[in-house]
file structure.pdb (PDB, C-alpha atoms)
MODEL        1
ATOM      1  CA  MET A   1      22.804  12.593  20.009
ATOM      2  CA  SER A   2      19.122  12.949  20.487
ATOM      3  CA  GLN A   3      17.614  14.075  23.773
ATOM      4  CA  LEU A   4      15.390  11.044  23.847
ATOM      5  CA  LEU A   5      18.385   8.709  23.551
ATOM      6  CA  ASP A   6      20.104  10.687  26.317
ATOM      7  CA  LYS A   7      17.044  10.245  28.510
ATOM      8  CA  LEU A   8      17.058   6.581  27.610
ATOM      9  CA  ALA A   9      20.714   6.247  28.655
ATOM     10  CA  GLU A  10      19.867   7.933  31.975
ATOM     11  CA  ALA A  11      16.852   5.675  32.483
ATOM     12  CA  ARG A  12      18.971   2.612  31.800
ATOM     13  CA  GLN A  13      21.637   3.779  34.243
ATOM     14  CA  ALA A  14      18.977   4.419  36.904
ATOM     15  CA  LYS A  15      17.274   1.121  35.894
ATOM     16  CA  ASP A  16      14.054   3.143  35.786
ATOM     17  CA  LEU A  17      11.908   1.995  32.855
ATOM     18  CA  SER A  18       9.082   4.384  33.663
ATOM     19  CA  ARG A  19      11.135   7.316  32.360
ATOM     20  CA  LEU A  20      10.672   5.905  28.851
ATOM     21  CA  ALA A  21       6.938   6.555  28.863
ATOM     22  CA  ALA A  22       7.338   9.974  30.473
ATOM     23  CA  ALA A  23       9.495  11.030  27.502
ATOM     24  CA  ILE A  24       6.752  10.277  24.953
ATOM     25  CA  PRO A  25       3.668  12.552  25.216
ATOM     26  CA  TYR A  26       1.310  10.139  23.448
ATOM     27  CA  ALA A  27       2.367   7.239  25.710
ATOM     28  CA  SER A  28       1.717   9.381  28.803
ATOM     29  CA  TRP A  29      -1.662  10.488  27.469
ATOM     30  CA  MET A  30      -2.686   6.888  26.692
ATOM     31  CA  ASN A  31      -1.382   5.669  30.081
ATOM     32  CA  ILE A  32       0.905   3.244  28.265
ATOM     33  CA  ALA A  33       4.049   2.472  30.267
ATOM     34  CA  PRO A  34       6.705  -0.234  30.396
ATOM     35  CA  GLU A  35       7.213  -2.297  33.525
ATOM     36  CA  ASN A  36       9.622  -4.986  34.614
ATOM     37  CA  THR A  37       8.298  -6.623  37.736
ATOM     38  CA  THR A  38       8.740 -10.221  36.592
ATOM     39  CA  GLY A  39      12.124 -10.041  34.868
ATOM     40  CA  GLU A  40      10.691  -9.444  31.399
ATOM     41  CA  LEU A  41       9.835  -6.141  29.774
ATOM     42  CA  LEU A  42       6.067  -5.782  29.633
ATOM     43  CA  THR A  43       4.079  -2.768  28.491
ATOM     44  CA  ARG A  44       0.822  -1.941  30.253
ATOM     45  CA  MET A  45      -2.056   0.186  28.986
ATOM     46  CA  ARG A  46      -4.075   1.261  32.019
ATOM     47  CA  TYR A  47      -7.796   1.143  31.436
ATOM     48  CA  ALA A  48      -9.603   4.455  31.087
ATOM     49  CA  PRO A  49     -13.150   5.067  29.775
ATOM     50  CA  THR A  50     -11.700   7.155  26.932
ATOM     51  CA  LEU A  51     -10.170   3.976  25.428
ATOM     52  CA  ILE A  52     -13.590   2.502  24.631
ATOM     53  CA  GLY A  53     -14.547   2.000  20.981
ATOM     54  CA  ASN A  54     -17.839   0.192  21.518
ATOM     55  CA  THR A  55     -19.965   1.327  24.453
ATOM     56  CA  HIS A  56     -22.543  -1.445  24.000
ATOM     57  CA  LEU A  57     -20.236  -4.412  24.640
ATOM     58  CA  PRO A  58     -18.210  -2.522  26.010
ATOM     59  CA  ALA A  59     -14.922  -3.058  24.173
ATOM     60  CA  LEU A  60     -11.663  -1.183  23.737
ATOM     61  CA  HIS A  61     -11.200   0.770  20.495
ATOM     62  CA  GLY A  62      -9.136  -1.301  18.051
ATOM     63  CA  GLY A  63      -6.877   1.671  17.576
ATOM     64  CA  THR A  64      -5.907   1.622  21.243
ATOM     65  CA  ILE A  65      -4.814  -2.014  20.984
ATOM     66  CA  GLY A  66      -2.834  -1.128  17.846
ATOM     67  CA  ALA A  67      -1.266   1.793  19.706
ATOM     68  CA  LEU A  68      -0.329  -0.440  22.654
ATOM     69  CA  LEU A  69       1.249  -3.051  20.367
ATOM     70  CA  GLU A  70       3.211  -0.373  18.504
ATOM     71  CA  THR A  71       4.345   1.362  21.691
ATOM     72  CA  ALA A  72       5.405  -1.972  23.225
ATOM     73  CA  ALA A  73       7.543  -2.636  20.134
ATOM     74  CA  ILE A  74       9.146   0.819  20.443
ATOM     75  CA  PHE A  75       9.907   0.330  24.160
ATOM     76  CA  HIS A  76      11.395  -3.054  23.320
ATOM     77  CA  LEU A  77      13.631  -1.508  20.628
ATOM     78  CA  LEU A  78      14.713   1.334  22.892
ATOM     79  CA  TRP A  79      15.447  -0.915  25.852
ATOM     80  CA  GLU A  80      16.783  -4.139  24.339
ATOM     81  CA  MET A  81      19.212  -2.725  21.770
ATOM     82  CA  ASP A  82      21.820   0.000  21.615
ATOM     83  CA  ASN A  83      20.554   2.692  19.236
ATOM     84  CA  ALA A  84      22.651   5.392  17.566
ATOM     85  CA  ALA A  85      19.419   7.043  16.342
ATOM     86  CA  LEU A  86      15.732   6.676  17.152
ATOM     87  CA  PRO A  87      14.085   3.708  15.393
ATOM     88  CA  ARG A  88      11.676   4.713  12.615
ATOM     89  CA  ILE A  89       8.554   2.663  12.017
ATOM     90  CA  ILE A  90       8.067   1.262   8.495
ATOM     91  CA  ASN A  91       4.849  -0.666   8.942
ATOM     92  CA  ILE A  92       2.595  -2.561  11.312
ATOM     93  CA  THR A  93       0.192  -5.440  10.740
ATOM     94  CA  VAL A  94      -2.261  -5.865  13.583
ATOM     95  CA  ASP A  95      -4.398  -8.952  14.120
ATOM     96  CA  PHE A  96      -7.383  -8.305  16.358
ATOM     97  CA  LEU A  97      -7.984 -11.649  18.045
ATOM     98  CA  ARG A  98     -10.572 -10.914  20.730
ATOM     99  CA  SER A  99     -12.491  -7.872  21.811
ATOM    100  CA  GLY A 100     -10.636  -5.956  24.506
ATOM    101  CA  ARG A 101     -12.635  -5.716  27.713
ATOM    102  CA  PRO A 102     -12.602  -2.569  29.891
ATOM    103  CA  MET A 103      -9.521  -3.472  31.915
ATOM    104  CA  ASP A 104      -5.721  -3.139  31.811
ATOM    105  CA  THR A 105      -4.007  -4.650  28.773
ATOM    106  CA  LEU A 106      -0.427  -5.969  28.744
ATOM    107  CA  ALA A 107       1.912  -6.463  25.806
ATOM    108  CA  ARG A 108       5.196  -8.262  25.270
ATOM    109  CA  ALA A 109       7.479  -7.726  22.250
ATOM    110  CA  ASN A 110      10.209  -9.940  20.808
ATOM    111  CA  PHE A 111      12.662  -9.530  17.963
ATOM    112  CA  THR A 112      11.710 -11.786  15.070
ATOM    113  CA  LYS A 113      14.916 -10.579  13.462
ATOM    114  CA  LEU A 114      17.267  -7.762  14.319
ATOM    115  CA  GLY A 115      19.329  -6.795  11.284
ATOM    116  CA  ARG A 116      21.710  -3.945  10.628
ATOM    117  CA  ARG A 117      19.056  -1.760   8.996
ATOM    118  CA  VAL A 118      15.730  -3.360   9.759
ATOM    119  CA  ALA A 119      14.284  -4.793  12.949
ATOM    120  CA  SER A 120      11.346  -7.150  12.667
ATOM    121  CA  VAL A 121       9.371  -7.226  15.907
ATOM    122  CA  ALA A 122       6.479  -9.441  17.008
ATOM    123  CA  VAL A 123       4.163  -8.258  19.777
ATOM    124  CA  GLU A 124       1.309  -9.925  21.626
ATOM    125  CA  ALA A 125      -1.242  -8.272  23.915
ATOM    126  CA  TRP A 126      -3.472  -9.908  26.501
ATOM    127  CA  GLN A 127      -5.622  -9.010  29.488
ATOM    128  CA  ASP A 128      -6.218 -11.335  32.459
ATOM    129  CA  ASP A 129      -5.171 -14.536  30.653
ATOM    130  CA  ARG A 130      -1.919 -14.526  28.721
ATOM    131  CA  ALA A 131      -3.002 -17.640  26.824
ATOM    132  CA  LYS A 132      -5.898 -15.646  25.343
ATOM    133  CA  PRO A 133      -4.354 -12.754  23.426
ATOM    134  CA  VAL A 134      -6.588  -9.841  22.412
ATOM    135  CA  GLY A 135      -4.215  -8.728  19.660
ATOM    136  CA  ALA A 136      -0.928  -9.489  17.950
ATOM    137  CA  ALA A 137       1.235  -7.466  15.588
ATOM    138  CA  GLN A 138       4.257  -7.754  13.326
ATOM    139  CA  LEU A 139       6.220  -4.534  12.862
ATOM    140  CA  HIS A 140       9.197  -3.393  10.835
ATOM    141  CA  PHE A 141      11.444  -0.549  11.930
ATOM    142  CA  LEU A 142      14.415   1.159  10.341
ATOM    143  CA  VAL A 143      17.116   0.979  12.980
ATOM    144  CA  THR A 144      20.603   2.382  13.468
ATOM    145  CA  PRO A 145      22.423   0.095  15.891
ATOM    146  CA  ALA A 146      25.312   1.734  17.769
ATOM    147  CA  LYS A 147      28.844   0.619  16.659
TER     148      LYS A 147
ATOM    149  CA  MET B   1     -39.132   0.165  -5.664
ATOM    150  CA  LYS B   2     -37.922  -2.687  -3.466
ATOM    151  CA  ASP B   3     -35.079  -4.575  -5.072
ATOM    152  CA  ASP B   4     -34.099  -7.686  -3.102
ATOM    153  CA  ALA B   5     -31.115  -8.432  -5.294
ATOM    154  CA  ASN B   6     -29.759  -4.998  -4.551
ATOM    155  CA  PRO B   7     -30.902  -4.007  -1.058
ATOM    156  CA  LYS B   8     -30.423  -0.493   0.180
ATOM    157  CA  THR B   9     -27.328   0.274   2.204
ATOM    158  CA  MET B  10     -27.514   1.949   5.574
ATOM    159  CA  PHE B  11     -26.123   5.065   4.012
ATOM    160  CA  GLU B  12     -29.117   5.228   1.710
ATOM    161  CA  MET B  13     -31.531   4.293   4.485
ATOM    162  CA  VAL B  14     -30.618   6.913   7.046
ATOM    163  CA  PRO B  15     -32.826   9.947   6.798
ATOM    164  CA  GLY B  16     -31.878  13.606   6.784
ATOM    165  CA  ASP B  17     -28.383  15.013   7.015
ATOM    166  CA  LYS B  18     -26.199  11.929   6.747
ATOM    167  CA  LEU B  19     -22.969  13.706   7.665
ATOM    168  CA  GLU B  20     -24.475  15.204  10.815
ATOM    169  CA  LEU B  21     -25.974  11.864  11.795
ATOM    170  CA  PHE B  22     -22.774   9.871  11.238
ATOM    171  CA  GLN B  23     -20.758  12.503  13.097
ATOM    172  CA  LYS B  24     -23.171  12.450  16.025
ATOM    173  CA  LEU B  25     -23.317   8.655  16.272
ATOM    174  CA  PHE B  26     -19.593   8.480  15.790
ATOM    175  CA  SER B  27     -18.862  10.825  18.681
ATOM    176  CA  ASP B  28     -21.661   9.622  20.946
ATOM    177  CA  THR B  29     -20.911   5.920  20.723
ATOM    178  CA  ILE B  30     -17.125   5.912  20.332
ATOM    179  CA  PRO B  31     -15.419   7.627  23.277
ATOM    180  CA  HIS B  32     -11.899   7.070  21.990
ATOM    181  CA  ASN B  33     -12.644   8.859  18.721
ATOM    182  CA  LYS B  34     -13.977  11.748  20.774
ATOM    183  CA  ALA B  35     -10.875  11.704  22.992
ATOM    184  CA  LEU B  36      -8.638  11.897  19.925
ATOM    185  CA  GLY B  37     -10.748  14.749  18.565
ATOM    186  CA  ILE B  38     -11.524  13.027  15.266
ATOM    187  CA  VAL B  39     -14.043  14.883  13.089
ATOM    188  CA  VAL B  40     -16.046  13.254  10.276
ATOM    189  CA  LEU B  41     -15.610  15.398   7.165
ATOM    190  CA  SER B  42     -17.776  13.449   4.755
ATOM    191  CA  VAL B  43     -19.587  10.150   4.313
ATOM    192  CA  ARG B  44     -20.754   8.524   1.148
ATOM    193  CA  LYS B  45     -21.894   5.058   0.155
ATOM    194  CA  GLY B  46     -18.739   2.968   0.580
ATOM    195  CA  GLY B  47     -16.479   5.664   1.930
ATOM    196  CA  ALA B  48     -15.688   8.139   4.696
ATOM    197  CA  SER B  49     -13.287  11.010   5.332
ATOM    198  CA  MET B  50     -12.073  12.284   8.691
ATOM    199  CA  ARG B  51      -9.779  14.871  10.196
ATOM    200  CA  LEU B  52      -7.451  14.587  13.179
ATOM    201  CA  ASP B  53      -5.985  17.861  14.416
ATOM    202  CA  TRP B  54      -2.422  17.918  15.652
ATOM    203  CA  GLN B  55      -2.356  17.988  19.457
ATOM    204  CA  PRO B  56       0.680  18.142  21.746
ATOM    205  CA  TYR B  57      -0.501  15.043  23.645
ATOM    206  CA  LEU B  58      -0.568  12.962  20.443
ATOM    207  CA  VAL B  59       3.144  13.491  19.794
ATOM    208  CA  GLY B  60       5.305  10.366  19.560
ATOM    209  CA  ASN B  61       8.651  12.045  19.079
ATOM    210  CA  PRO B  62       9.042  15.069  21.370
ATOM    211  CA  GLU B  63      12.133  16.279  19.500
ATOM    212  CA  THR B  64      10.373  16.661  16.168
ATOM    213  CA  GLY B  65       6.727  16.962  17.273
ATOM    214  CA  VAL B  66       5.733  14.181  14.859
ATOM    215  CA  LEU B  67       2.461  12.412  15.757
ATOM    216  CA  HIS B  68       2.660   8.937  17.266
ATOM    217  CA  GLY B  69       1.730   6.130  14.870
ATOM    218  CA  GLY B  70      -0.878   4.946  17.357
ATOM    219  CA  ALA B  71      -3.072   8.004  16.786
ATOM    220  CA  ILE B  72      -2.915   7.412  13.020
ATOM    221  CA  THR B  73      -3.673   3.715  13.538
ATOM    222  CA  ALA B  74      -6.767   4.588  15.567
ATOM    223  CA  MET B  75      -7.908   7.084  12.935
ATOM    224  CA  LEU B  76      -7.426   4.702   9.972
ATOM    225  CA  ASP B  77      -9.227   1.961  11.910
ATOM    226  CA  ALA B  78     -12.124   4.286  12.697
ATOM    227  CA  CYS B  79     -12.345   5.685   9.166
ATOM    228  CA  SER B  80     -12.182   2.206   7.589
ATOM    229  CA  GLY B  81     -14.870   1.011  10.000
ATOM    230  CA  MET B  82     -17.153   3.865   9.043
ATOM    231  CA  ALA B  83     -16.645   3.088   5.354
ATOM    232  CA  VAL B  84     -17.830  -0.469   6.117
ATOM    233  CA  ALA B  85     -20.839   0.860   8.064
ATOM    234  CA  THR B  86     -22.050   2.876   5.059
ATOM    235  CA  MET B  87     -22.172  -0.309   2.953
ATOM    236  CA  MET B  88     -24.126  -2.521   5.347
ATOM    237  CA  THR B  89     -27.664  -3.393   4.356
ATOM    238  CA  ARG B  90     -28.805  -4.269   7.885
ATOM    239  CA  PRO B  91     -27.687  -3.240  11.371
ATOM    240  CA  GLN B  92     -25.034  -5.594  12.674
ATOM    241  CA  PRO B  93     -22.029  -5.393  14.957
ATOM    242  CA  PHE B  94     -18.661  -5.820  13.265
ATOM    243  CA  ALA B  95     -15.046  -5.772  14.353
ATOM    244  CA  THR B  96     -11.633  -5.170  12.837
ATOM    245  CA  LEU B  97      -9.976  -8.488  11.966
ATOM    246  CA  ASP B  98      -6.665  -7.091  10.809
ATOM    247  CA  LEU B  99      -5.148  -3.804   9.784
ATOM    248  CA  ARG B 100      -1.880  -3.336   7.943
ATOM    249  CA  ILE B 101      -0.441   0.179   7.902
ATOM    250  CA  ASP B 102       2.536   1.416   5.893
ATOM    251  CA  TYR B 103       3.993   4.588   7.355
ATOM    252  CA  VAL B 104       5.048   6.095   4.049
ATOM    253  CA  HIS B 105       6.084   9.502   5.313
ATOM    254  CA  PRO B 106       6.225  11.146   8.769
ATOM    255  CA  ALA B 107       3.304  13.502   9.502
ATOM    256  CA  THR B 108       4.195  17.202   9.476
ATOM    257  CA  PRO B 109       4.052  18.611  13.046
ATOM    258  CA  GLY B 110       1.225  21.082  13.600
ATOM    259  CA  GLN B 111      -0.686  20.022  10.487
ATOM    260  CA  PRO B 112      -4.071  18.292  10.663
ATOM    261  CA  VAL B 113      -4.134  14.750   9.300
ATOM    262  CA  LEU B 114      -6.907  13.798   6.885
ATOM    263  CA  ALA B 115      -8.028  10.226   6.267
ATOM    264  CA  ASP B 116      -9.947   8.806   3.319
ATOM    265  CA  ALA B 117     -11.246   5.252   3.559
ATOM    266  CA  GLU B 118     -13.193   3.071   1.189
ATOM    267  CA  CYS B 119     -14.855  -0.268   1.625
ATOM    268  CA  VAL B 120     -13.663  -2.280  -1.357
ATOM    269  CA  ARG B 121     -15.990  -5.226  -0.846
ATOM    270  CA  LEU B 122     -18.527  -6.362   1.705
ATOM    271  CA  THR B 123     -19.609  -9.985   2.037
ATOM    272  CA  SER B 124     -21.809 -11.559   4.719
ATOM    273  CA  ASN B 125     -18.692 -12.509   6.705
ATOM    274  CA  VAL B 126     -15.871 -10.152   5.794
ATOM    275  CA  ALA B 127     -15.396  -6.558   4.625
ATOM    276  CA  PHE B 128     -12.250  -5.329   2.883
ATOM    277  CA  THR B 129     -11.050  -1.737   3.225
ATOM    278  CA  ARG B 130      -8.345   0.581   1.981
ATOM    279  CA  ALA B 131      -7.459   3.929   3.488
ATOM    280  CA  VAL B 132      -4.883   6.688   3.273
ATOM    281  CA  ALA B 133      -3.845   9.376   5.750
ATOM    282  CA  HIS B 134      -2.518  12.580   4.211
ATOM    283  CA  HIS B 135      -2.121  16.351   4.599
ATOM    284  CA  GLY B 136      -4.423  17.358   1.750
ATOM    285  CA  ASP B 137      -3.137  15.370  -1.200
ATOM    286  CA  PRO B 138      -4.237  11.714  -1.048
ATOM    287  CA  ALA B 139      -1.627  10.962  -3.752
ATOM    288  CA  ASP B 140       1.106  11.997  -1.303
ATOM    289  CA  PRO B 141       0.130   9.971   1.767
ATOM    290  CA  ILE B 142       1.571   9.875   5.279
ATOM    291  CA  ALA B 143       0.242   6.363   5.721
ATOM    292  CA  SER B 144      -1.749   3.857   3.739
ATOM    293  CA  SER B 145      -3.679   0.916   5.095
ATOM    294  CA  ALA B 146      -5.427  -2.283   4.088
ATOM    295  CA  GLY B 147      -7.893  -3.757   6.533
ATOM    296  CA  THR B 148     -10.402  -6.543   6.943
ATOM    297  CA  PHE B 149     -13.438  -6.576   9.203
ATOM    298  CA  MET B 150     -15.482  -9.493  10.521
ATOM    299  CA  MET B 151     -19.173  -8.880  10.022
ATOM    300  CA  ALA B 152     -22.028  -9.966  12.294
ATOM    301  CA  THR B 153     -19.884 -10.352  15.402
ATOM    302  CA  LYS B 154     -21.276 -10.874  18.884
ATOM    303  CA  GLY B 155     -23.057  -8.163  20.813
ATOM    304  CA  MET B 156     -25.003  -5.067  19.937
ATOM    305  CA  PRO B 157     -24.474  -3.108  16.758
ATOM    306  CA  ALA B 158     -22.052  -0.288  17.515
ATOM    307  CA  MET B 159     -20.925   2.465  15.222
ATOM    308  CA  GLY B 160     -22.937   2.182  12.045
ATOM    309  CA  ALA B 161     -25.768   0.309  13.621
ATOM    310  CA  PRO B 162     -27.461   3.080  15.573
ATOM    311  CA  ALA B 163     -27.799   4.780  12.218
ATOM    312  CA  ALA B 164     -29.572   1.720  10.898
ATOM    313  CA  ARG B 165     -31.754   1.526  13.978
ATOM    314  CA  THR B 166     -32.651   5.129  13.412
ATOM    315  CA  ALA B 167     -33.381   4.365   9.798
ATOM    316  CA  VAL B 168     -35.464   1.303  10.609
ATOM    317  CA  SER B 169     -37.488   2.983  13.350
ATOM    318  CA  ASP B 170     -37.976   6.014  11.147
ATOM    319  CA  LYS B 171     -39.206   3.790   8.334
ATOM    320  CA  GLY B 172     -41.527   2.044  10.773
ATOM    321  CA  LYS B 173     -43.048   5.344  11.804
ATOM    322  CA  ALA B 174     -43.445   6.528   8.266
ATOM    323  CA  ARG B 175     -45.439   3.526   7.088
TER     324      ARG B 175
ENDMDL
END

call {"tool": "encode", "arguments": {"input": "structure.pdb", "output": "structure tokens"}}
result
Amino acid sequence: MSQLLDKLAEARQAKDLSRLAAAIPYASWMNIAPENTTGELLTRMRYAPTLIGNTHLPALHGGTIGALLETAAIFHLLWEMDNAALPRIINITVDFLRSGRPMDTLARANFTKLGRRVASVAVEAWQDDRAKPVGAAQLHFLVTPAK
Amino acid sequence: MKDDANPKTMFEMVPGDKLELFQKLFSDTIPHNKALGIVVLSVRKGGASMRLDWQPYLVGNPETGVLHGGAITAMLDACSGMAVATMMTRPQPFATLDLRIDYVHPATPGQPVLADAECVRLTSNVAFTRAVAHHGDPADPIASSAGTFMMATKGMPAMGAPAARTAVSDKGKAR
């Protein structure tokens, strides 16, 4: 059993989502962390000046929105299903819908389909208005469901 | 020498050391690229190459040390964007419309990742790009991507545009 899955089991037992982000160095560095204050699993990317891709607008770097969408999908997979091994990403298709302003960005993932080998996940990211998404992504992961 | 049917690209317009200029503009105007530590290796008309060194804070899987996909996404986006910038014939802001990335093979921990991007076609509205991330052999990629960019978006020209401004102001001085 992998250490990360062990940590995940502990986090689930403690009902402490924040331990997920702490276990992934890149998520910690990007200030991307899951939260569950409203009864649904959301992933927040805290704004930092290092996330900027265009200083003139200013706007977030597209890559940071892609990273948030991907990380939100991973948190969703880790939290919402029982994994016997870590999910492995196959591909991601990101639609950039609006420029990301210099503020916190939230993302919510959903299973489009969860199969025995492949999970198809849809993610949407927004800032102050959920009806105005800044980005959306479709991802495929190789998964190993427990049992 | 002016050929309206075939106007000069920004890459041709910028004076002096193009690599140095693109690297400077790239780092100065794009904080996230700087934060990731991305280095521009080469630029040419219609293409760009970059390097991303392995860093402990970019790791996505702490058990294996494999880089997080997000860092590779950001790099392929940046590299594809620069490939578009080299093709533009006037300064204009542009933005990624979509980016599809296939993670063909996990990155090897500790190894720098190289990216090669090309702008396949540039129209007045949309640019099409292809890119690969690899460890030295583009034929054996870690990831491959296909992207589209919207041209002439709102706001000030960003990445490639300062180069064009430089080129334009330089041209103005020279004549």

call {"tool": "atom_distance", "arguments": {"input": "structure.pdb", "atom1": "CA of Phe96 in chain A", "atom2": "CA of Thr96 in chain B"}}
result
6.3 Å

call {"tool": "resolve_selection", "arguments": {"input": "structure.pdb", "expression": "the ChimeraX specification (/B :<7) & /A", "output": "ChimeraX atom specification"}}
result
/A:24-26,29,50-57,61-64,66-67,70,89-96

call {"tool": "resolve_selection", "arguments": {"input": "structure.pdb", "expression": "the PyMOL selection byres ((chain A and resi 5) around 9)", "output": "PyMOL selection string"}}
result
chain A and resi 1-4+6-10+78+83-86

call {"tool": "atom_distance", "arguments": {"input": "structure.pdb", "atom1": "CA of Gly47 in chain B", "atom2": "CA of Ala107 in chain B"}}
result
22.6 Å

call {"tool": "resolve_selection", "arguments": {"input": "structure.pdb", "expression": "the PyMOL selection byres ((chain A and resi 36) around 12)", "output": "PDB file with C-alpha atoms, keeping the file's coordinate frame"}}
result
ATOM      1  CA  LYS A  15      17.274   1.121  35.894  1.00  0.00           C
ATOM      2  CA  ASP A  16      14.054   3.143  35.786  1.00  0.00           C
ATOM      3  CA  LEU A  17      11.908   1.995  32.855  1.00  0.00           C
ATOM      4  CA  SER A  18       9.082   4.384  33.663  1.00  0.00           C
ATOM      5  CA  ALA A  33       4.049   2.472  30.267  1.00  0.00           C
ATOM      6  CA  PRO A  34       6.705  -0.234  30.396  1.00  0.00           C
ATOM      7  CA  GLU A  35       7.213  -2.297  33.525  1.00  0.00           C
ATOM      8  CA  THR A  37       8.298  -6.623  37.736  1.00  0.00           C
ATOM      9  CA  THR A  38       8.740 -10.221  36.592  1.00  0.00           C
ATOM     10  CA  GLY A  39      12.124 -10.041  34.868  1.00  0.00           C
ATOM     11  CA  GLU A  40      10.691  -9.444  31.399  1.00  0.00           C
ATOM     12  CA  LEU A  41       9.835  -6.141  29.774  1.00  0.00           C
ATOM     13  CA  LEU A  42       6.067  -5.782  29.633  1.00  0.00           C
ATOM     14  CA  THR A  43       4.079  -2.768  28.491  1.00  0.00           C
ATOM     15  CA  ARG A  44       0.822  -1.941  30.253  1.00  0.00           C
ATOM     16  CA  PHE A  75       9.907   0.330  24.160  1.00  0.00           C
ATOM     17  CA  HIS A  76      11.395  -3.054  23.320  1.00  0.00           C
ATOM     18  CA  TRP A  79      15.447  -0.915  25.852  1.00  0.00           C
ATOM     19  CA  LEU A 106      -0.427  -5.969  28.744  1.00  0.00           C
ATOM     20  CA  ALA A 107       1.912  -6.463  25.806  1.00  0.00           C
ATOM     21  CA  ARG A 108       5.196  -8.262  25.270  1.00  0.00           C
TER      22      ARG A 108
END

call {"tool": "residues_near_point", "arguments": {"input": "structure.pdb", "point": "(-3.3, 0.4, 33.5)", "cutoff": "9 Å", "atoms": "all atoms listed in the file", "output": "MDAnalysis selection string"}}
result
chainID A and resid 31:33 44:48 103:106

call {"tool": "atom_distance", "arguments": {"input": "structure.pdb", "atom1": "CA of Val113 in chain B", "atom2": "CA of Asp17 in chain B"}}
result
24.4 Å

call {"tool": "residues_around", "arguments": {"input": "structure.pdb", "residues": "range 120-125 of chain A", "least_positions_apart": "3", "cutoff": "7 Å", "atoms": "all atoms listed in the file", "output": "JSON, numbers by chain"}}
result
{"A": [69, 73, 105, 106, 107, 108, 109, 110, 111, 112, 113, 114, 133, 134, 135, 136, 137, 138, 139, 140, 141]}

call {"tool": "residues_around", "arguments": {"input": "structure.pdb", "residues": "Gln111 in chain B", "least_positions_apart": "4", "cutoff": "10 Å", "atoms": "only C-alpha atoms", "output": "list of chain:residue names"}}
result
B:Leu52, B:Asp53, B:Trp54, B:Gln55, B:Val66, B:Leu67, B:Ala107, B:His134, B:His135, B:Gly136

call {"tool": "write_last_selection", "arguments": {"input": "structure.pdb", "atoms": "C-alpha atoms", "output": "short mmCIF file (atom, residue, chain, number, x, y, z; two decimals), in the coordinates of the input"}}
result
data_model
loop_
_atom_site.label_atom_id
_atom_site.label_comp_id
_atom_site.auth_asym_id
_atom_site.auth_seq_id
_atom_site.Cartn_x
_atom_site.Cartn_y
_atom_site.Cartn_z
CA LEU B 52 -7.45 14.59 13.18
CA ASP B 53 -5.98 17.86 14.42
CA TRP B 54 -2.42 17.92 15.65
CA GLN B 55 -2.36 17.99 19.46
CA VAL B 66 5.73 14.18 14.86
CA LEU B 67 2.46 12.41 15.76
CA ALA B 107 3.30 13.50 9.50
CA HIS B 134 -2.52 12.58 4.21
CA HIS B 135 -2.12 16.35 4.60
CA GLY B 136 -4.42 17.36 1.75
#

call {"tool": "axis_aligned_box", "arguments": {"input": "structure.pdb", "around": "range 133-139 of chain A", "padding_each_side": "4 Å", "output": "JSON"}}
result
{"center_x": -0.2, "center_y": -8.6, "center_z": 18.1, "size_x": 20.8, "size_y": 16.2, "size_z": 18.6}

call {"tool": "closest_residue", "arguments": {"input": "structure.pdb", "among": "A:Lys132, A:Arg12, A:Arg19, A:Lys147", "to": "Leu97 in chain A", "atoms": "all atoms listed in the file"}}
result
A:Lys132

call {"tool": "closest_residue", "arguments": {"input": "structure.pdb", "among": "B:Val43, B:Met50, B:Leu114, B:Met150", "to": "Ala83 in chain B", "atoms": "only C-alpha atoms"}}
result
B:Val43

call {"tool": "closest_residue", "arguments": {"input": "structure.pdb", "among": "A:Val118, A:Ala131, A:Arg98, A:Ala22", "to": "Leu60 in chain A", "atoms": "all atoms listed in the file"}}
result
A:Arg98
